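A.B. asks: Contents of start.txt (compact mmCIF, N, CA and C atoms) are below:
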# COMPACT_ATOMS: atom_id res chain seq x y z
N MET A 279 -54.54 164.40 38.93
CA MET A 279 -55.13 164.60 37.63
C MET A 279 -55.79 165.97 37.63
N SER A 280 -55.62 166.65 36.54
CA SER A 280 -56.27 167.94 36.36
C SER A 280 -57.10 167.89 35.09
N VAL A 281 -58.25 168.53 35.15
CA VAL A 281 -59.07 168.68 33.95
C VAL A 281 -59.48 170.14 33.85
N TYR A 282 -59.68 170.59 32.63
CA TYR A 282 -60.08 171.96 32.40
C TYR A 282 -61.45 171.95 31.72
N LEU A 283 -62.38 172.68 32.31
CA LEU A 283 -63.74 172.76 31.80
C LEU A 283 -64.13 174.22 31.69
N THR A 284 -65.04 174.51 30.77
CA THR A 284 -65.55 175.87 30.70
C THR A 284 -66.37 176.16 31.96
N ALA A 285 -66.50 177.41 32.26
CA ALA A 285 -67.23 177.80 33.47
C ALA A 285 -68.66 177.28 33.45
N GLY A 286 -69.31 177.36 32.28
CA GLY A 286 -70.69 176.89 32.18
C GLY A 286 -70.81 175.40 32.41
N THR A 287 -69.88 174.64 31.84
CA THR A 287 -69.90 173.19 32.04
C THR A 287 -69.66 172.84 33.50
N LEU A 288 -68.67 173.49 34.09
CA LEU A 288 -68.36 173.22 35.49
C LEU A 288 -69.53 173.54 36.40
N GLN A 289 -70.18 174.66 36.16
CA GLN A 289 -71.34 175.03 36.98
C GLN A 289 -72.45 173.99 36.85
N ALA A 290 -72.69 173.52 35.63
CA ALA A 290 -73.75 172.54 35.40
C ALA A 290 -73.47 171.24 36.13
N ILE A 291 -72.21 170.79 36.11
CA ILE A 291 -71.95 169.51 36.78
C ILE A 291 -71.77 169.66 38.29
N ARG A 292 -71.38 170.83 38.75
CA ARG A 292 -71.30 171.05 40.20
C ARG A 292 -72.67 170.85 40.84
N GLU A 293 -73.71 171.23 40.13
CA GLU A 293 -75.06 171.09 40.66
C GLU A 293 -75.46 169.62 40.80
N ARG A 294 -74.76 168.74 40.12
CA ARG A 294 -75.09 167.31 40.15
C ARG A 294 -74.07 166.48 40.92
N GLY A 295 -73.01 167.10 41.36
CA GLY A 295 -71.95 166.37 42.04
C GLY A 295 -70.85 166.02 41.04
N VAL A 296 -69.73 166.71 41.12
CA VAL A 296 -68.69 166.62 40.10
C VAL A 296 -68.16 165.21 39.93
N SER A 297 -67.73 164.57 40.99
CA SER A 297 -67.12 163.24 40.87
C SER A 297 -68.08 162.22 40.30
N ALA A 298 -69.28 162.17 40.84
CA ALA A 298 -70.27 161.19 40.36
C ALA A 298 -70.63 161.46 38.90
N TYR A 299 -70.79 162.73 38.55
CA TYR A 299 -71.16 163.09 37.18
C TYR A 299 -70.05 162.70 36.20
N LEU A 300 -68.82 163.04 36.53
CA LEU A 300 -67.70 162.71 35.64
C LEU A 300 -67.49 161.20 35.54
N GLU A 301 -67.69 160.47 36.63
CA GLU A 301 -67.56 159.01 36.59
C GLU A 301 -68.58 158.41 35.64
N LYS A 302 -69.83 158.84 35.75
CA LYS A 302 -70.87 158.32 34.85
C LYS A 302 -70.59 158.69 33.40
N ALA A 303 -70.14 159.92 33.17
CA ALA A 303 -69.83 160.35 31.81
C ALA A 303 -68.69 159.53 31.23
N ALA A 304 -67.67 159.27 32.02
CA ALA A 304 -66.55 158.46 31.56
C ALA A 304 -66.98 157.03 31.26
N GLN A 305 -67.85 156.47 32.09
CA GLN A 305 -68.36 155.12 31.85
C GLN A 305 -69.15 155.06 30.55
N ARG A 306 -70.02 156.05 30.31
CA ARG A 306 -70.80 156.08 29.08
C ARG A 306 -69.89 156.19 27.86
N GLN A 307 -68.88 157.06 27.93
CA GLN A 307 -67.99 157.23 26.79
C GLN A 307 -67.17 155.98 26.54
N THR A 308 -66.72 155.32 27.59
CA THR A 308 -65.97 154.07 27.44
C THR A 308 -66.84 153.01 26.78
N ALA A 309 -68.09 152.91 27.19
CA ALA A 309 -69.01 151.95 26.57
C ALA A 309 -69.21 152.26 25.09
N ARG A 310 -69.37 153.54 24.76
CA ARG A 310 -69.53 153.95 23.36
C ARG A 310 -68.28 153.62 22.55
N ASP A 311 -67.12 153.90 23.12
CA ASP A 311 -65.87 153.60 22.43
C ASP A 311 -65.76 152.10 22.15
N ASN A 312 -66.09 151.29 23.16
CA ASN A 312 -66.04 149.84 22.99
C ASN A 312 -67.02 149.38 21.91
N LEU A 313 -68.21 149.96 21.90
CA LEU A 313 -69.21 149.60 20.90
C LEU A 313 -68.74 150.00 19.50
N GLU A 314 -68.16 151.19 19.38
CA GLU A 314 -67.65 151.63 18.08
C GLU A 314 -66.56 150.68 17.56
N GLU A 315 -65.69 150.21 18.46
CA GLU A 315 -64.65 149.26 18.06
C GLU A 315 -65.27 147.93 17.62
N LEU A 316 -66.27 147.48 18.34
CA LEU A 316 -66.96 146.24 17.99
C LEU A 316 -67.63 146.35 16.63
N ILE A 317 -68.30 147.46 16.39
CA ILE A 317 -68.96 147.68 15.10
C ILE A 317 -67.93 147.74 13.97
N ALA A 318 -66.82 148.43 14.21
CA ALA A 318 -65.77 148.52 13.19
C ALA A 318 -65.21 147.13 12.86
N ASP A 319 -64.99 146.31 13.88
CA ASP A 319 -64.50 144.95 13.65
C ASP A 319 -65.52 144.12 12.87
N PHE A 320 -66.80 144.27 13.22
CA PHE A 320 -67.85 143.55 12.52
C PHE A 320 -67.91 143.98 11.06
N ASP A 321 -67.87 145.30 10.84
CA ASP A 321 -67.91 145.82 9.47
C ASP A 321 -66.72 145.34 8.65
N LYS A 322 -65.56 145.28 9.28
CA LYS A 322 -64.37 144.81 8.57
C LYS A 322 -64.53 143.35 8.15
N ALA A 323 -65.12 142.55 9.02
CA ALA A 323 -65.29 141.12 8.73
C ALA A 323 -66.46 140.83 7.81
N ASN A 324 -67.52 141.66 7.88
CA ASN A 324 -68.76 141.35 7.18
C ASN A 324 -69.23 142.39 6.18
N GLY A 325 -68.56 143.51 6.13
CA GLY A 325 -69.02 144.61 5.30
C GLY A 325 -69.99 145.49 6.08
N ALA A 326 -70.14 146.70 5.62
CA ALA A 326 -71.01 147.65 6.32
C ALA A 326 -72.47 147.22 6.21
N ALA A 327 -73.23 147.61 7.22
CA ALA A 327 -74.65 147.28 7.24
C ALA A 327 -75.38 148.05 6.14
N ASP A 328 -76.42 147.45 5.61
CA ASP A 328 -77.29 148.09 4.63
C ASP A 328 -78.14 149.12 5.38
N GLN A 329 -77.92 150.41 5.11
CA GLN A 329 -78.59 151.47 5.86
C GLN A 329 -80.10 151.45 5.70
N ALA A 330 -80.60 151.02 4.56
CA ALA A 330 -82.05 150.92 4.38
C ALA A 330 -82.62 149.83 5.28
N ALA A 331 -81.90 148.71 5.41
CA ALA A 331 -82.35 147.63 6.28
C ALA A 331 -82.31 148.06 7.75
N VAL A 332 -81.27 148.80 8.11
CA VAL A 332 -81.16 149.31 9.48
C VAL A 332 -82.33 150.24 9.78
N ALA A 333 -82.65 151.14 8.86
CA ALA A 333 -83.75 152.07 9.05
C ALA A 333 -85.08 151.33 9.18
N ALA A 334 -85.27 150.28 8.38
CA ALA A 334 -86.51 149.50 8.45
C ALA A 334 -86.65 148.81 9.80
N GLN A 335 -85.55 148.24 10.29
CA GLN A 335 -85.60 147.57 11.60
C GLN A 335 -85.81 148.57 12.72
N ARG A 336 -85.16 149.74 12.62
CA ARG A 336 -85.34 150.78 13.64
C ARG A 336 -86.80 151.21 13.69
N ALA A 337 -87.42 151.37 12.53
CA ALA A 337 -88.82 151.78 12.47
C ALA A 337 -89.71 150.72 13.11
N LYS A 338 -89.41 149.44 12.90
CA LYS A 338 -90.20 148.37 13.53
C LYS A 338 -90.09 148.43 15.05
N LEU A 339 -88.88 148.68 15.53
CA LEU A 339 -88.64 148.68 16.97
C LEU A 339 -89.21 149.90 17.67
N THR A 340 -89.32 151.00 16.95
CA THR A 340 -89.70 152.26 17.59
C THR A 340 -91.01 152.82 17.05
N ASP A 341 -91.70 152.08 16.23
CA ASP A 341 -92.92 152.58 15.59
C ASP A 341 -92.63 153.84 14.78
N GLY A 342 -91.38 153.96 14.31
CA GLY A 342 -90.98 155.10 13.50
C GLY A 342 -90.82 156.39 14.27
N THR A 343 -90.78 156.33 15.63
CA THR A 343 -90.73 157.54 16.41
C THR A 343 -89.34 157.92 16.87
N ALA A 344 -88.37 157.02 16.76
CA ALA A 344 -87.01 157.31 17.26
C ALA A 344 -86.25 158.18 16.26
N PRO A 345 -85.49 159.15 16.79
CA PRO A 345 -84.68 159.96 15.88
C PRO A 345 -83.56 159.13 15.29
N ARG A 346 -83.16 159.48 14.08
CA ARG A 346 -82.06 158.77 13.42
C ARG A 346 -80.75 159.13 14.08
N CYS A 347 -79.89 158.14 14.24
CA CYS A 347 -78.54 158.38 14.73
C CYS A 347 -77.66 158.73 13.56
N PRO A 348 -76.77 159.70 13.73
CA PRO A 348 -75.85 160.03 12.64
C PRO A 348 -74.88 158.89 12.44
N GLY A 349 -74.46 158.69 11.24
CA GLY A 349 -73.45 157.68 11.04
C GLY A 349 -73.72 156.93 9.83
Output the file's structure in the form of structure tokens.

C.D. replies:
Amino acid sequence: MSVYLTAGTLQAIRERGVSAYLEKAAQRQTARDNLEELIADFDKANGAADQAAVAAQRAKLTDGTAPRCPG
């Protein structure tokens, strides 16, 4: 397998250990992809979430300090 990275990206991950860093990054992206698919399936079955209700619940959980996620 070959991958191509910019010099800056490669330098940054070399400092952390290339294989371990890429493995963790791939695991995180796979989890995000799976979550996005789950949310899409839920939305298809139930309709999209009410964004105002989501914001209200997020504020309760974070005391209003968490940044908003795009989407």

A.B. asks: Atom C of Ser280 of chain A to atom C of Thr308 of chain A: how many Å, to one decimal?

C.D. replies: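 It comes out at 19.6 Å.
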
A.B. asks: Measure the distance from atom C of Val281 of chain A to atom C of Asp311 of chain A in Å and round it to one decimal.

C.D. replies: 22.4 Å

A.B. asks: Step one, run DSSP on the backbone; step two, keep only residues of chain A assigned to helix (DSSP H, G or I); then write them as a tab-separated table (two decimals) with N, CA and C atoms, in the frame of the given file.

C.D. replies:
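Now in result_1.tsv:
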chain	number	residue	atom	x	y	z
A	285	ALA	N	-66.50	177.41	32.26
A	285	ALA	CA	-67.23	177.80	33.47
A	285	ALA	C	-68.66	177.28	33.45
A	286	GLY	N	-69.31	177.36	32.28
A	286	GLY	CA	-70.69	176.89	32.18
A	286	GLY	C	-70.81	175.40	32.41
A	287	THR	N	-69.88	174.64	31.84
A	287	THR	CA	-69.90	173.19	32.04
A	287	THR	C	-69.66	172.84	33.50
A	288	LEU	N	-68.67	173.49	34.09
A	288	LEU	CA	-68.36	173.22	35.49
A	288	LEU	C	-69.53	173.54	36.40
A	289	GLN	N	-70.18	174.66	36.16
A	289	GLN	CA	-71.34	175.03	36.98
A	289	GLN	C	-72.45	173.99	36.85
A	290	ALA	N	-72.69	173.52	35.63
A	290	ALA	CA	-73.75	172.54	35.40
A	290	ALA	C	-73.47	171.24	36.13
A	291	ILE	N	-72.21	170.79	36.11
A	291	ILE	CA	-71.95	169.51	36.78
A	291	ILE	C	-71.77	169.66	38.29
A	292	ARG	N	-71.38	170.83	38.75
A	292	ARG	CA	-71.30	171.05	40.20
A	292	ARG	C	-72.67	170.85	40.84
A	296	VAL	N	-69.73	166.71	41.12
A	296	VAL	CA	-68.69	166.62	40.10
A	296	VAL	C	-68.16	165.21	39.93
A	297	SER	N	-67.73	164.57	40.99
A	297	SER	CA	-67.12	163.24	40.87
A	297	SER	C	-68.08	162.22	40.30
A	298	ALA	N	-69.28	162.17	40.84
A	298	ALA	CA	-70.27	161.19	40.36
A	298	ALA	C	-70.63	161.46	38.90
A	299	TYR	N	-70.79	162.73	38.55
A	299	TYR	CA	-71.16	163.09	37.18
A	299	TYR	C	-70.05	162.70	36.20
A	300	LEU	N	-68.82	163.04	36.53
A	300	LEU	CA	-67.70	162.71	35.64
A	300	LEU	C	-67.49	161.20	35.54
A	301	GLU	N	-67.69	160.47	36.63
A	301	GLU	CA	-67.56	159.01	36.59
A	301	GLU	C	-68.58	158.41	35.64
A	302	LYS	N	-69.83	158.84	35.75
A	302	LYS	CA	-70.87	158.32	34.85
A	302	LYS	C	-70.59	158.69	33.40
A	303	ALA	N	-70.14	159.92	33.17
A	303	ALA	CA	-69.83	160.35	31.81
A	303	ALA	C	-68.69	159.53	31.23
A	304	ALA	N	-67.67	159.27	32.02
A	304	ALA	CA	-66.55	158.46	31.56
A	304	ALA	C	-66.98	157.03	31.26
A	305	GLN	N	-67.85	156.47	32.09
A	305	GLN	CA	-68.36	155.12	31.85
A	305	GLN	C	-69.15	155.06	30.55
A	306	ARG	N	-70.02	156.05	30.31
A	306	ARG	CA	-70.80	156.08	29.08
A	306	ARG	C	-69.89	156.19	27.86
A	307	GLN	N	-68.88	157.06	27.93
A	307	GLN	CA	-67.99	157.23	26.79
A	307	GLN	C	-67.17	155.98	26.54
A	308	THR	N	-66.72	155.32	27.59
A	308	THR	CA	-65.97	154.07	27.44
A	308	THR	C	-66.84	153.01	26.78
A	309	ALA	N	-68.09	152.91	27.19
A	309	ALA	CA	-69.01	151.95	26.57
A	309	ALA	C	-69.21	152.26	25.09
A	310	ARG	N	-69.37	153.54	24.76
A	310	ARG	CA	-69.53	153.95	23.36
A	310	ARG	C	-68.28	153.62	22.55
A	311	ASP	N	-67.12	153.90	23.12
A	311	ASP	CA	-65.87	153.60	22.43
A	311	ASP	C	-65.76	152.10	22.15
A	312	ASN	N	-66.09	151.29	23.16
A	312	ASN	CA	-66.04	149.84	22.99
A	312	ASN	C	-67.02	149.38	21.91
A	313	LEU	N	-68.21	149.96	21.90
A	313	LEU	CA	-69.21	149.60	20.90
A	313	LEU	C	-68.74	150.00	19.50
A	314	GLU	N	-68.16	151.19	19.38
A	314	GLU	CA	-67.65	151.63	18.08
A	314	GLU	C	-66.56	150.68	17.56
A	315	GLU	N	-65.69	150.21	18.46
A	315	GLU	CA	-64.65	149.26	18.06
A	315	GLU	C	-65.27	147.93	17.62
A	316	LEU	N	-66.27	147.48	18.34
A	316	LEU	CA	-66.96	146.24	17.99
A	316	LEU	C	-67.63	146.35	16.63
A	317	ILE	N	-68.30	147.46	16.39
A	317	ILE	CA	-68.96	147.68	15.10
A	317	ILE	C	-67.93	147.74	13.97
A	318	ALA	N	-66.82	148.43	14.21
A	318	ALA	CA	-65.77	148.52	13.19
A	318	ALA	C	-65.21	147.13	12.86
A	319	ASP	N	-64.99	146.31	13.88
A	319	ASP	CA	-64.50	144.95	13.65
A	319	ASP	C	-65.52	144.12	12.87
A	320	PHE	N	-66.80	144.27	13.22
A	320	PHE	CA	-67.85	143.55	12.52
A	320	PHE	C	-67.91	143.98	11.06
A	321	ASP	N	-67.87	145.30	10.84
A	321	ASP	CA	-67.91	145.82	9.47
A	321	ASP	C	-66.72	145.34	8.65
A	322	LYS	N	-65.56	145.28	9.28
A	322	LYS	CA	-64.37	144.81	8.57
A	322	LYS	C	-64.53	143.35	8.15
A	323	ALA	N	-65.12	142.55	9.02
A	323	ALA	CA	-65.29	141.12	8.73
A	323	ALA	C	-66.46	140.83	7.81
A	324	ASN	N	-67.52	141.66	7.88
A	324	ASN	CA	-68.76	141.35	7.18
A	324	ASN	C	-69.23	142.39	6.18
A	329	GLN	N	-77.92	150.41	5.11
A	329	GLN	CA	-78.59	151.47	5.86
A	329	GLN	C	-80.10	151.45	5.70
A	330	ALA	N	-80.60	151.02	4.56
A	330	ALA	CA	-82.05	150.92	4.38
A	330	ALA	C	-82.62	149.83	5.28
A	331	ALA	N	-81.90	148.71	5.41
A	331	ALA	CA	-82.35	147.63	6.28
A	331	ALA	C	-82.31	148.06	7.75
A	332	VAL	N	-81.27	148.80	8.11
A	332	VAL	CA	-81.16	149.31	9.48
A	332	VAL	C	-82.33	150.24	9.78
A	333	ALA	N	-82.65	151.14	8.86
A	333	ALA	CA	-83.75	152.07	9.05
A	333	ALA	C	-85.08	151.33	9.18
A	334	ALA	N	-85.27	150.28	8.38
A	334	ALA	CA	-86.51	149.50	8.45
A	334	ALA	C	-86.65	148.81	9.80
A	335	GLN	N	-85.55	148.24	10.29
A	335	GLN	CA	-85.60	147.57	11.60
A	335	GLN	C	-85.81	148.57	12.72
A	336	ARG	N	-85.16	149.74	12.62
A	336	ARG	CA	-85.34	150.78	13.64
A	336	ARG	C	-86.80	151.21	13.69
A	337	ALA	N	-87.42	151.37	12.53
A	337	ALA	CA	-88.82	151.78	12.47
A	337	ALA	C	-89.71	150.72	13.11
A	338	LYS	N	-89.41	149.44	12.90
A	338	LYS	CA	-90.20	148.37	13.53
A	338	LYS	C	-90.09	148.43	15.05
A	339	LEU	N	-88.88	148.68	15.53
A	339	LEU	CA	-88.64	148.68	16.97
A	339	LEU	C	-89.21	149.90	17.67
A	340	THR	N	-89.32	151.00	16.95
A	340	THR	CA	-89.70	152.26	17.59
A	340	THR	C	-91.01	152.82	17.05

A.B. asks: For the atom pair atom CA of Asp341 of chain A and atom CA of Gly325 of chain A, what is the interatomic distance in Å to one decimal place?

C.D. replies: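 Value for the atom CA of Asp341 of chain A-atom CA of Gly325 of chain A distance: 27.2 Å.
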
A.B. asks: Around (-74.2, 165.4, 34.4) in the file's frame, which residues reach within 8 Å when counting all atoms listed in the file? Return as a ChimeraX atom specification?

C.D. replies: /A:290-295,298-300,302-303

A.B. asks: Find the smallest box with edges along x, y and z containing every listed atom of segment 336-339 of chain A, then add 6 Å on each side and report centre and edge lengths in Å to one decimal, as AutoDock Vina command-line options.

C.D. replies:
--center_x -87.7 --center_y 150.1 --center_z 15.1 --size_x 17.0 --size_y 15.4 --size_z 17.2
